[in-house]
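K.L.:
What follows is target15.pdb, PDB, C-alpha atoms and all ligand atoms.
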ATOM      1  CA  MET A  16      14.429  26.085 -15.652
ATOM      2  CA  ARG A  17      14.578  26.081 -11.885
ATOM      3  CA  LYS A  18      17.179  27.951  -9.866
ATOM      4  CA  GLY A  19      19.454  28.190 -12.856
ATOM      5  CA  ARG A  20      19.215  24.478 -13.640
ATOM      6  CA  LEU A  21      17.573  22.963 -16.645
ATOM      7  CA  PHE A  22      15.410  19.859 -16.149
ATOM      8  CA  VAL A  23      14.333  17.773 -19.107
ATOM      9  CA  ASP A  24      11.781  14.961 -19.044
ATOM     10  CA  PHE A  25      11.957  12.273 -21.664
ATOM     11  CA  LEU A  26       8.887  10.190 -22.262
ATOM     12  CA  LEU A  27       9.455   6.982 -24.142
ATOM     13  CA  GLU A  28       6.487   5.107 -25.430
ATOM     14  CA  LYS A  29       6.675   1.398 -25.943
ATOM     15  CA  PRO A  30       3.937  -0.535 -27.652
ATOM     16  CA  ARG A  31       2.107  -2.471 -24.959
ATOM     17  CA  PRO A  32       1.757  -6.180 -25.656
ATOM     18  CA  LYS A  33      -1.660  -7.748 -25.547
ATOM     19  CA  ARG A  34      -2.939  -9.032 -22.228
ATOM     20  CA  LYS A  35      -2.463 -12.758 -21.885
ATOM     21  CA  THR A  36      -5.571 -14.837 -22.134
ATOM     22  CA  GLU A  37      -3.953 -18.094 -21.081
ATOM     23  CA  GLY A  38      -2.134 -19.031 -17.920
ATOM     24  CA  CYS A  39      -2.901 -19.090 -14.219
ATOM     25  CA  VAL A  40      -4.049 -16.693 -11.552
ATOM     26  CA  VAL A  41      -1.160 -16.653  -9.081
ATOM     27  CA  GLY A  42      -0.925 -15.067  -5.626
ATOM     28  CA  MET A  43       2.259 -13.551  -4.260
ATOM     29  CA  ASP A  44       3.050 -12.877  -0.627
ATOM     30  CA  SER A  45       6.056 -10.850   0.394
ATOM     31  CA  ASN A  46       7.998 -10.398   3.535
ATOM     32  CA  TYR A  47      11.311  -9.309   4.813
ATOM     33  CA  VAL A  48      12.597 -12.764   5.634
ATOM     34  CA  ASN A  49      11.374 -14.936   2.797
ATOM     35  CA  GLY A  50      11.251 -12.512  -0.089
ATOM     36  CA  LEU A  51       8.524 -13.142  -2.611
ATOM     37  CA  VAL A  52       6.535 -16.355  -2.274
ATOM     38  CA  PHE A  53       4.202 -17.388  -5.088
ATOM     39  CA  SER A  54       1.226 -19.727  -5.020
ATOM     40  CA  ASP A  55       2.630 -21.581  -8.037
ATOM     41  CA  GLY A  56       5.634 -22.726  -6.000
ATOM     42  CA  GLN A  57       8.153 -20.037  -6.902
ATOM     43  CA  GLN A  58      10.132 -18.147  -4.303
ATOM     44  CA  VAL A  59      12.670 -15.450  -5.053
ATOM     45  CA  GLY A  60      14.654 -12.910  -3.110
ATOM     46  CA  HIS A  61      14.993 -14.762   0.194
ATOM     47  CA  GLU A  62      18.666 -13.859   0.192
ATOM     48  CA  LEU A  63      17.675 -10.202   0.241
ATOM     49  CA  VAL A  64      17.357 -10.017   4.013
ATOM     50  CA  GLU A  65      20.994 -10.566   4.816
ATOM     51  CA  THR A  66      22.035  -8.215   2.056
ATOM     52  CA  VAL A  67      19.695  -5.493   3.236
ATOM     53  CA  ARG A  68      20.856  -5.929   6.821
ATOM     54  CA  LYS A  69      24.474  -5.579   5.834
ATOM     55  CA  PHE A  70      23.735  -2.599   3.661
ATOM     56  CA  SER A  71      21.761  -0.689   6.226
ATOM     57  CA  LYS A  72      24.782  -0.601   8.533
ATOM     58  CA  ARG A  73      26.555   1.693   6.149
ATOM     59  CA  LYS A  74      24.382   4.430   4.772
ATOM     60  CA  LYS A  75      26.077   5.310   1.499
ATOM     61  CA  ARG A  76      24.605   4.025  -1.739
ATOM     62  CA  THR A  77      22.430   1.671   0.257
ATOM     63  CA  HIS A  78      19.282   2.363  -1.729
ATOM     64  CA  ALA A  79      20.993   1.838  -5.080
ATOM     65  CA  GLU A  80      22.497  -1.466  -3.963
ATOM     66  CA  ILE A  81      19.268  -2.784  -2.510
ATOM     67  CA  LYS A  82      17.472  -1.748  -5.678
ATOM     68  CA  SER A  83      19.913  -3.679  -7.813
ATOM     69  CA  ARG A  84      19.390  -6.771  -5.604
ATOM     70  CA  ILE A  85      15.657  -6.445  -5.985
ATOM     71  CA  ASP A  86      16.157  -6.122  -9.750
ATOM     72  CA  GLN A  87      18.152  -9.348  -9.753
ATOM     73  CA  ALA A  88      15.525 -11.160  -7.707
ATOM     74  CA  MET A  89      12.758 -10.021 -10.037
ATOM     75  CA  LYS A  90      14.595 -11.360 -13.046
ATOM     76  CA  GLN A  91      14.520 -14.847 -11.551
ATOM     77  CA  ILE A  92      10.746 -15.000 -11.695
ATOM     78  CA  ASP A  93       9.346 -17.254 -14.381
ATOM     79  CA  PHE A  94       6.099 -15.646 -15.423
ATOM     80  CA  SER A  95       5.488 -17.741 -18.527
ATOM     81  CA  GLY A  96       2.553 -19.547 -16.908
ATOM     82  CA  ILE A  97       1.074 -16.511 -15.151
ATOM     83  CA  ARG A  98      -1.847 -14.559 -16.544
ATOM     84  CA  VAL A  99      -2.868 -12.610 -13.419
ATOM     85  CA  LEU A 100      -0.649 -11.878 -10.432
ATOM     86  CA  VAL A 101      -2.457 -11.120  -7.181
ATOM     87  CA  ILE A 102      -0.572  -9.133  -4.541
ATOM     88  CA  GLU A 103      -1.414  -7.409  -1.282
ATOM     89  CA  ASN A 104      -2.440  -3.788  -1.501
ATOM     90  CA  LEU A 105       0.372  -1.631  -0.255
ATOM     91  CA  LYS A 106      -1.888   0.774   1.558
ATOM     92  CA  HIS A 107      -2.732  -1.932   4.105
ATOM     93  CA  VAL A 108       0.855  -2.901   4.758
ATOM     94  CA  LYS A 109       1.739  -0.439   7.487
ATOM     95  CA  ARG A 110      -1.542  -0.517   9.286
ATOM     96  CA  GLY A 111      -0.842  -2.035  12.697
ATOM     97  CA  LYS A 112      -3.053  -1.963  15.764
ATOM     98  CA  ARG A 113      -0.452  -0.612  18.103
ATOM     99  CA  GLY A 114       1.076   1.784  15.656
ATOM    100  CA  THR A 115       4.589   1.803  14.330
ATOM    101  CA  PHE A 116       6.539  -1.443  14.265
ATOM    102  CA  SER A 117       4.504  -4.541  14.767
ATOM    103  CA  ARG A 118       6.222  -7.898  14.454
ATOM    104  CA  THR A 119       4.517  -8.483  11.152
ATOM    105  CA  HIS A 120       5.732  -5.186   9.899
ATOM    106  CA  ASN A 121       9.304  -5.945  10.864
ATOM    107  CA  ARG A 122       9.120  -9.091   8.811
ATOM    108  CA  ARG A 123       8.057  -7.251   5.724
ATOM    109  CA  LEU A 124      10.190  -5.510   3.223
ATOM    110  CA  SER A 125      10.339  -1.851   4.204
ATOM    111  CA  HIS A 126       7.723   0.353   2.642
ATOM    112  CA  TRP A 127       9.921   1.757  -0.109
ATOM    113  CA  GLN A 128      11.571  -1.590  -0.864
ATOM    114  CA  TYR A 129       8.204  -3.182  -1.343
ATOM    115  CA  ALA A 130       6.909  -0.221  -3.339
ATOM    116  CA  TYR A 131       9.983  -0.413  -5.531
ATOM    117  CA  ALA A 132       9.606  -4.158  -6.025
ATOM    118  CA  VAL A 133       5.949  -3.771  -6.939
ATOM    119  CA  ASP A 134       6.788  -0.950  -9.317
ATOM    120  CA  LEU A 135       9.364  -3.167 -11.025
ATOM    121  CA  LEU A 136       6.986  -6.091 -11.099
ATOM    122  CA  GLN A 137       4.333  -3.944 -12.693
ATOM    123  CA  ARG A 138       6.744  -2.969 -15.444
ATOM    124  CA  TYR A 139       7.903  -6.542 -16.059
ATOM    125  CA  TYR A 140       4.419  -7.894 -16.015
ATOM    126  CA  GLU A 141       3.034  -5.237 -18.294
ATOM    127  CA  GLU A 142       5.768  -6.052 -20.750
ATOM    128  CA  HIS A 143       4.648  -9.673 -20.697
ATOM    129  CA  GLY A 144       0.937  -9.023 -20.803
ATOM    130  CA  VAL A 145       0.312 -10.114 -17.215
ATOM    131  CA  ARG A 146      -2.210  -8.221 -15.115
ATOM    132  CA  LEU A 147      -1.456  -7.151 -11.547
ATOM    133  CA  GLU A 148      -4.300  -7.116  -9.014
ATOM    134  CA  ARG A 149      -4.092  -5.657  -5.509
ATOM    135  CA  LYS A 150      -6.066  -7.162  -2.643
ATOM    136  CA  ASN A 151      -6.629  -6.629   1.057
ATOM    137  CA  PRO A 152      -4.165  -8.889   2.909
ATOM    138  CA  ALA A 153      -6.199  -8.946   6.146
ATOM    139  CA  TYR A 154      -6.469 -12.496   7.565
ATOM    140  CA  THR A 155      -4.468 -14.017   4.694
ATOM    141  CA  SER A 156      -1.958 -15.342   7.230
ATOM    142  CA  GLN A 157      -4.603 -17.006   9.424
ATOM    143  CA  TYR A 158      -7.154 -18.244   6.925
ATOM    144  CA  CYS A 159      -6.886 -21.821   5.673
ATOM    145  CA  HIS A 160      -7.108 -21.893   1.896
ATOM    146  CA  LYS A 161      -7.817 -25.639   1.976
ATOM    147  CA  CYS A 162     -10.870 -25.879   4.217
ATOM    148  CA  ARG A 163     -11.731 -22.164   4.016
ATOM    149  CA  ARG A 164     -11.929 -21.670   7.739
ATOM    150  CA  TRP A 165     -10.333 -19.025   9.846
ATOM    151  CA  ASP A 166      -8.589 -19.322  13.178
ATOM    152  CA  ARG A 167      -6.201 -16.907  14.815
ATOM    153  CA  ARG A 168      -4.168 -19.850  16.118
ATOM    154  CA  ASN A 169      -3.492 -21.249  12.653
ATOM    155  CA  ARG A 170      -0.432 -19.096  12.280
ATOM    156  CA  SER A 171       2.650 -19.529  14.399
ATOM    157  CA  GLY A 172       5.718 -17.718  13.125
ATOM    158  CA  ASP A 173       6.686 -19.212   9.776
ATOM    159  CA  ARG A 174       4.394 -22.185  10.153
ATOM    160  CA  PHE A 175       0.790 -22.426   9.191
ATOM    161  CA  ARG A 176      -1.154 -25.289  10.691
ATOM    162  CA  CYS A 177      -4.917 -25.395  10.348
ATOM    163  CA  MET A 178      -6.714 -26.131  13.640
ATOM    164  CA  HIS A 179      -9.664 -27.539  11.693
ATOM    165  CA  CYS A 180      -8.324 -29.693   8.868
ATOM    166  CA  GLY A 181      -4.676 -30.097   9.847
ATOM    167  CA  TYR A 182      -3.310 -28.572   6.633
ATOM    168  CA  THR A 183       0.265 -27.414   7.099
ATOM    169  CA  ALA A 184       2.404 -25.154   4.955
ATOM    170  CA  HIS A 185       4.886 -22.374   5.150
ATOM    171  CA  ALA A 186       2.877 -19.390   6.384
ATOM    172  CA  ASP A 187       3.838 -17.264   3.390
ATOM    173  CA  ARG A 188       2.838 -19.990   0.973
ATOM    174  CA  ASN A 189      -0.591 -20.262   2.553
ATOM    175  CA  ALA A 190      -0.951 -16.467   2.359
ATOM    176  CA  ALA A 191      -0.028 -16.593  -1.336
ATOM    177  CA  TYR A 192      -2.718 -19.249  -1.875
ATOM    178  CA  ASN A 193      -5.227 -16.971  -0.173
ATOM    179  CA  LEU A 194      -4.325 -14.108  -2.486
ATOM    180  CA  GLU A 195      -4.818 -16.477  -5.408
ATOM    181  CA  LEU A 196      -8.207 -17.363  -3.956
ATOM    182  CA  LEU A 197      -9.172 -13.681  -3.930
ATOM    183  CA  GLY A 198      -8.044 -13.304  -7.512
ATOM    184  CA  LEU A 199     -10.033 -16.321  -8.664
ATOM    185  CA  ALA A 200     -13.144 -15.205  -6.786
ATOM    186  CA  GLY A 201     -12.810 -11.632  -8.026
ATOM    187  CA  VAL A 202     -13.256 -10.117  -4.560
ATOM    188  CA  TYR A 203     -11.125  -7.598  -2.685
ATOM    189  CA  GLY A 204     -10.832  -9.250   0.715
ATOM    190  CA  LEU A 205     -11.361 -12.616   2.417
ATOM    191  CA  ARG A 206     -14.428 -11.241   4.180
ATOM    192  CA  SER A 207     -16.105 -10.854   0.800
ATOM    193  CA  LEU A 208     -15.587 -14.465  -0.233
ATOM    194  CA  PRO A 209     -18.919 -16.228  -0.694
ATOM    195  CA  ASN A 210     -19.866 -17.975   2.562
ATOM    196  CA  SER A 211     -16.801 -16.626   4.296
ATOM    197  CA  GLU A 212     -16.669 -17.281   7.986
ATOM    198  CA  LEU A 213     -14.993 -13.943   8.358
ATOM    199  CA  GLN A 214     -18.188 -12.008   7.691
ATOM    200  CA  ARG A 215     -19.063 -12.638  11.305
ATOM    201  CA  PHE A 216     -16.079 -10.618  12.411
ATOM    202  CA  GLU A 217     -16.921  -7.513  10.422
TER     203      GLU A 217
HETATM  204 ZN    ZN A 301      -8.038 -26.018   7.096
END
Go ahead and render the structure in this file as structure tokens.

P.N.:
Amino acid sequence: MRKGRLFVDFLLEKPRPKRKTEGCVVGMDSNYVNGLVFSDGQQVGHELVETVRKFSKRKKRTHAEIKSRIDQAMKQIDFSGIRVLVIENLKHVKRGKRGTFSRTHNRRLSHWQYAYAVDLLQRYYEEHGVRLERKNPAYTSQYCHKCRRWDRRNRSGDRFRCMHCGYTAHADRNAAYNLELLGLAGVYGLRSLPNSELQRFE
């Protein structure tokens, strides 16, 4: 009882399915414009941006509506071939050099939208026996997953073009590949990859 109101918590326990032992390690990059981009070729939620923009003009029920859109996007993901999903660690997301709203940050889902999406994902994936791993996203937009070299100039807006080997891809796709790389190598950040060039920049 608090201030004359009664609050009741219900805890429902569901049997947790066994962790999958077969399937792929897949990376997932997220941003405000392109939604969720997976290293296995999937992309969902890119229509979210327009919706969110429209919603944020009128304040009422905005959160509920955006949530339901995120729910819908999540349901489109085919996770049948995924054993481990590698995502960026949320605690790094807002960290920008010059503080508040960097360009990168503006392109991302807002903090709560991303947190909500990850929360949902975690639930879906647990239900299907898929493990979620969080990694440091630093340099994932500039590092070439093909030749494993890093160059600040590799990234230009949505395009990724490697200065060393010429590999080109959508920038988010390359970032998703890098997250996959971290998952496969079992390390937290690109700097910790064996023989990573990035160790020099520590
Ligand atoms: Zn390259």

K.L.:
Hey, what comes out of the PyMOL selection byres (((not hetatm)) within 8 of (chain A and resi 301)) on this file? Could you write it as a list in words?

P.N.:
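Applying the expression gives Tyr158, Cys159, His160, Lys161, Cys162, Arg163, Arg164, Trp165, Arg176, Cys177, Met178, His179, Cys180, Gly181 and Tyr182 of chain A.
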
K.L.:
Export C-alpha atoms of the chosen residues as a PDB file, in the frame of the given file?

P.N.:
ATOM      1  CA  TYR A 158      -7.154 -18.244   6.925  1.00  0.00           C
ATOM      2  CA  CYS A 159      -6.886 -21.821   5.673  1.00  0.00           C
ATOM      3  CA  HIS A 160      -7.108 -21.893   1.896  1.00  0.00           C
ATOM      4  CA  LYS A 161      -7.817 -25.639   1.976  1.00  0.00           C
ATOM      5  CA  CYS A 162     -10.870 -25.879   4.217  1.00  0.00           C
ATOM      6  CA  ARG A 163     -11.731 -22.164   4.016  1.00  0.00           C
ATOM      7  CA  ARG A 164     -11.929 -21.670   7.739  1.00  0.00           C
ATOM      8  CA  TRP A 165     -10.333 -19.025   9.846  1.00  0.00           C
ATOM      9  CA  ARG A 176      -1.154 -25.289  10.691  1.00  0.00           C
ATOM     10  CA  CYS A 177      -4.917 -25.395  10.348  1.00  0.00           C
ATOM     11  CA  MET A 178      -6.714 -26.131  13.640  1.00  0.00           C
ATOM     12  CA  HIS A 179      -9.664 -27.539  11.693  1.00  0.00           C
ATOM     13  CA  CYS A 180      -8.324 -29.693   8.868  1.00  0.00           C
ATOM     14  CA  GLY A 181      -4.676 -30.097   9.847  1.00  0.00           C
ATOM     15  CA  TYR A 182      -3.310 -28.572   6.633  1.00  0.00           C
TER      16      TYR A 182
END

K.L.:
Which polymer residues have any atom within 10 Å of an atom of Arg188 in chain A, counting only C-alpha atoms, with same-chain residues fewer than 3 positions away left out, as a list in words?

P.N.:
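So, after excluding close chain neighbours, the residues are Gly42, Met43, Asp44, Ser45, Leu51, Val52, Phe53, Ser54, Asp55, Gly56, Gln57, Gln58, Ser156, Asp173, Arg174, Phe175, Thr183, Ala184, His185, Ala191, Tyr192, Asn193 and Leu194 of chain A.
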
K.L.:
Show me, as a ChimeraX atom specification, the residues that have an atom within 8 Å of Asn151 in chain A when counting only C-alpha atoms, minus same-chain residues fewer than 5 positions from it.

P.N.:
/A:103-104,107,203-205

K.L.:
Store the residues picked out above, limited to C-alpha atoms, as a PDB file, in the frame of the given file.

P.N.:
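Writing done, so here's selection10.pdb:
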ATOM      1  CA  GLU A 103      -1.414  -7.409  -1.282  1.00  0.00           C
ATOM      2  CA  ASN A 104      -2.440  -3.788  -1.501  1.00  0.00           C
ATOM      3  CA  HIS A 107      -2.732  -1.932   4.105  1.00  0.00           C
ATOM      4  CA  TYR A 203     -11.125  -7.598  -2.685  1.00  0.00           C
ATOM      5  CA  GLY A 204     -10.832  -9.250   0.715  1.00  0.00           C
ATOM      6  CA  LEU A 205     -11.361 -12.616   2.417  1.00  0.00           C
TER       7      LEU A 205
END

K.L.:
Work out how far apart CA of Arg149 in chain A and CA of Thr66 in chain A are and give it in Å to one decimal.

P.N.:
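Computed distance, CA of Arg149 in chain A to CA of Thr66 in chain A, equals 27.3 Å.
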
K.L.:
Just the number, please: distance in Å from CA of Glu195 in chain A to CA of Val41 in chain A, one decimal.

P.N.:
5.2 Å

K.L.:
How far is it from CA of Ser171 in chain A to CA of Ser207 in chain A, in Å with one decimal?

P.N.:
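Interatomic distance, CA of Ser171 in chain A to CA of Ser207 in chain A: 24.7 Å.
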
K.L.:
So that I can see what lies close to range 30-33 of chain A, please list as a VMD selection string the residues with an atom at most 10 Å from it, counting only C-alpha atoms and leaving out residues fewer than 3 positions away in the same chain.

P.N.:
chain A and resid 27 36 141 to 145

K.L.:
Ranking A:Gly172, A:Lys150, A:Asp166, A:Leu100 by minimum distance to Leu197 in chain A and counting all atoms listed in the file, which one comes first?

P.N.:
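Using all atoms listed in the file, the shortest distance to Leu197 in chain A belongs to A:Lys150.
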
K.L.:
Nearest to Arg168 in chain A among A:Tyr154, A:Ala190, A:Glu37, A:Ala130, with distances taken over all atoms listed in the file: which residue is it?

P.N.:
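Of all the options, A:Tyr154 lies closest to Arg168 in chain A.
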
K.L.:
Compare A:Pro152, A:Gly60, A:Gly19, A:Gly50 by their minimum atom-to-atom distance to Val202 in chain A, counting only C-alpha atoms, and give me the closest one.

P.N.:
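Checking each candidate against Val202 in chain A, we get A:Pro152 as the closest.
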
K.L.:
Here's a test: counting all atoms listed in the file, identify every protein, DNA and RNA residue with an atom at most 10 Å from (18.7, -5.6, -4.3) in the file's coordinate frame, and state them as a ChimeraX atom specification.

P.N.:
/A:60,62-64,66-67,70,77-89,128,132
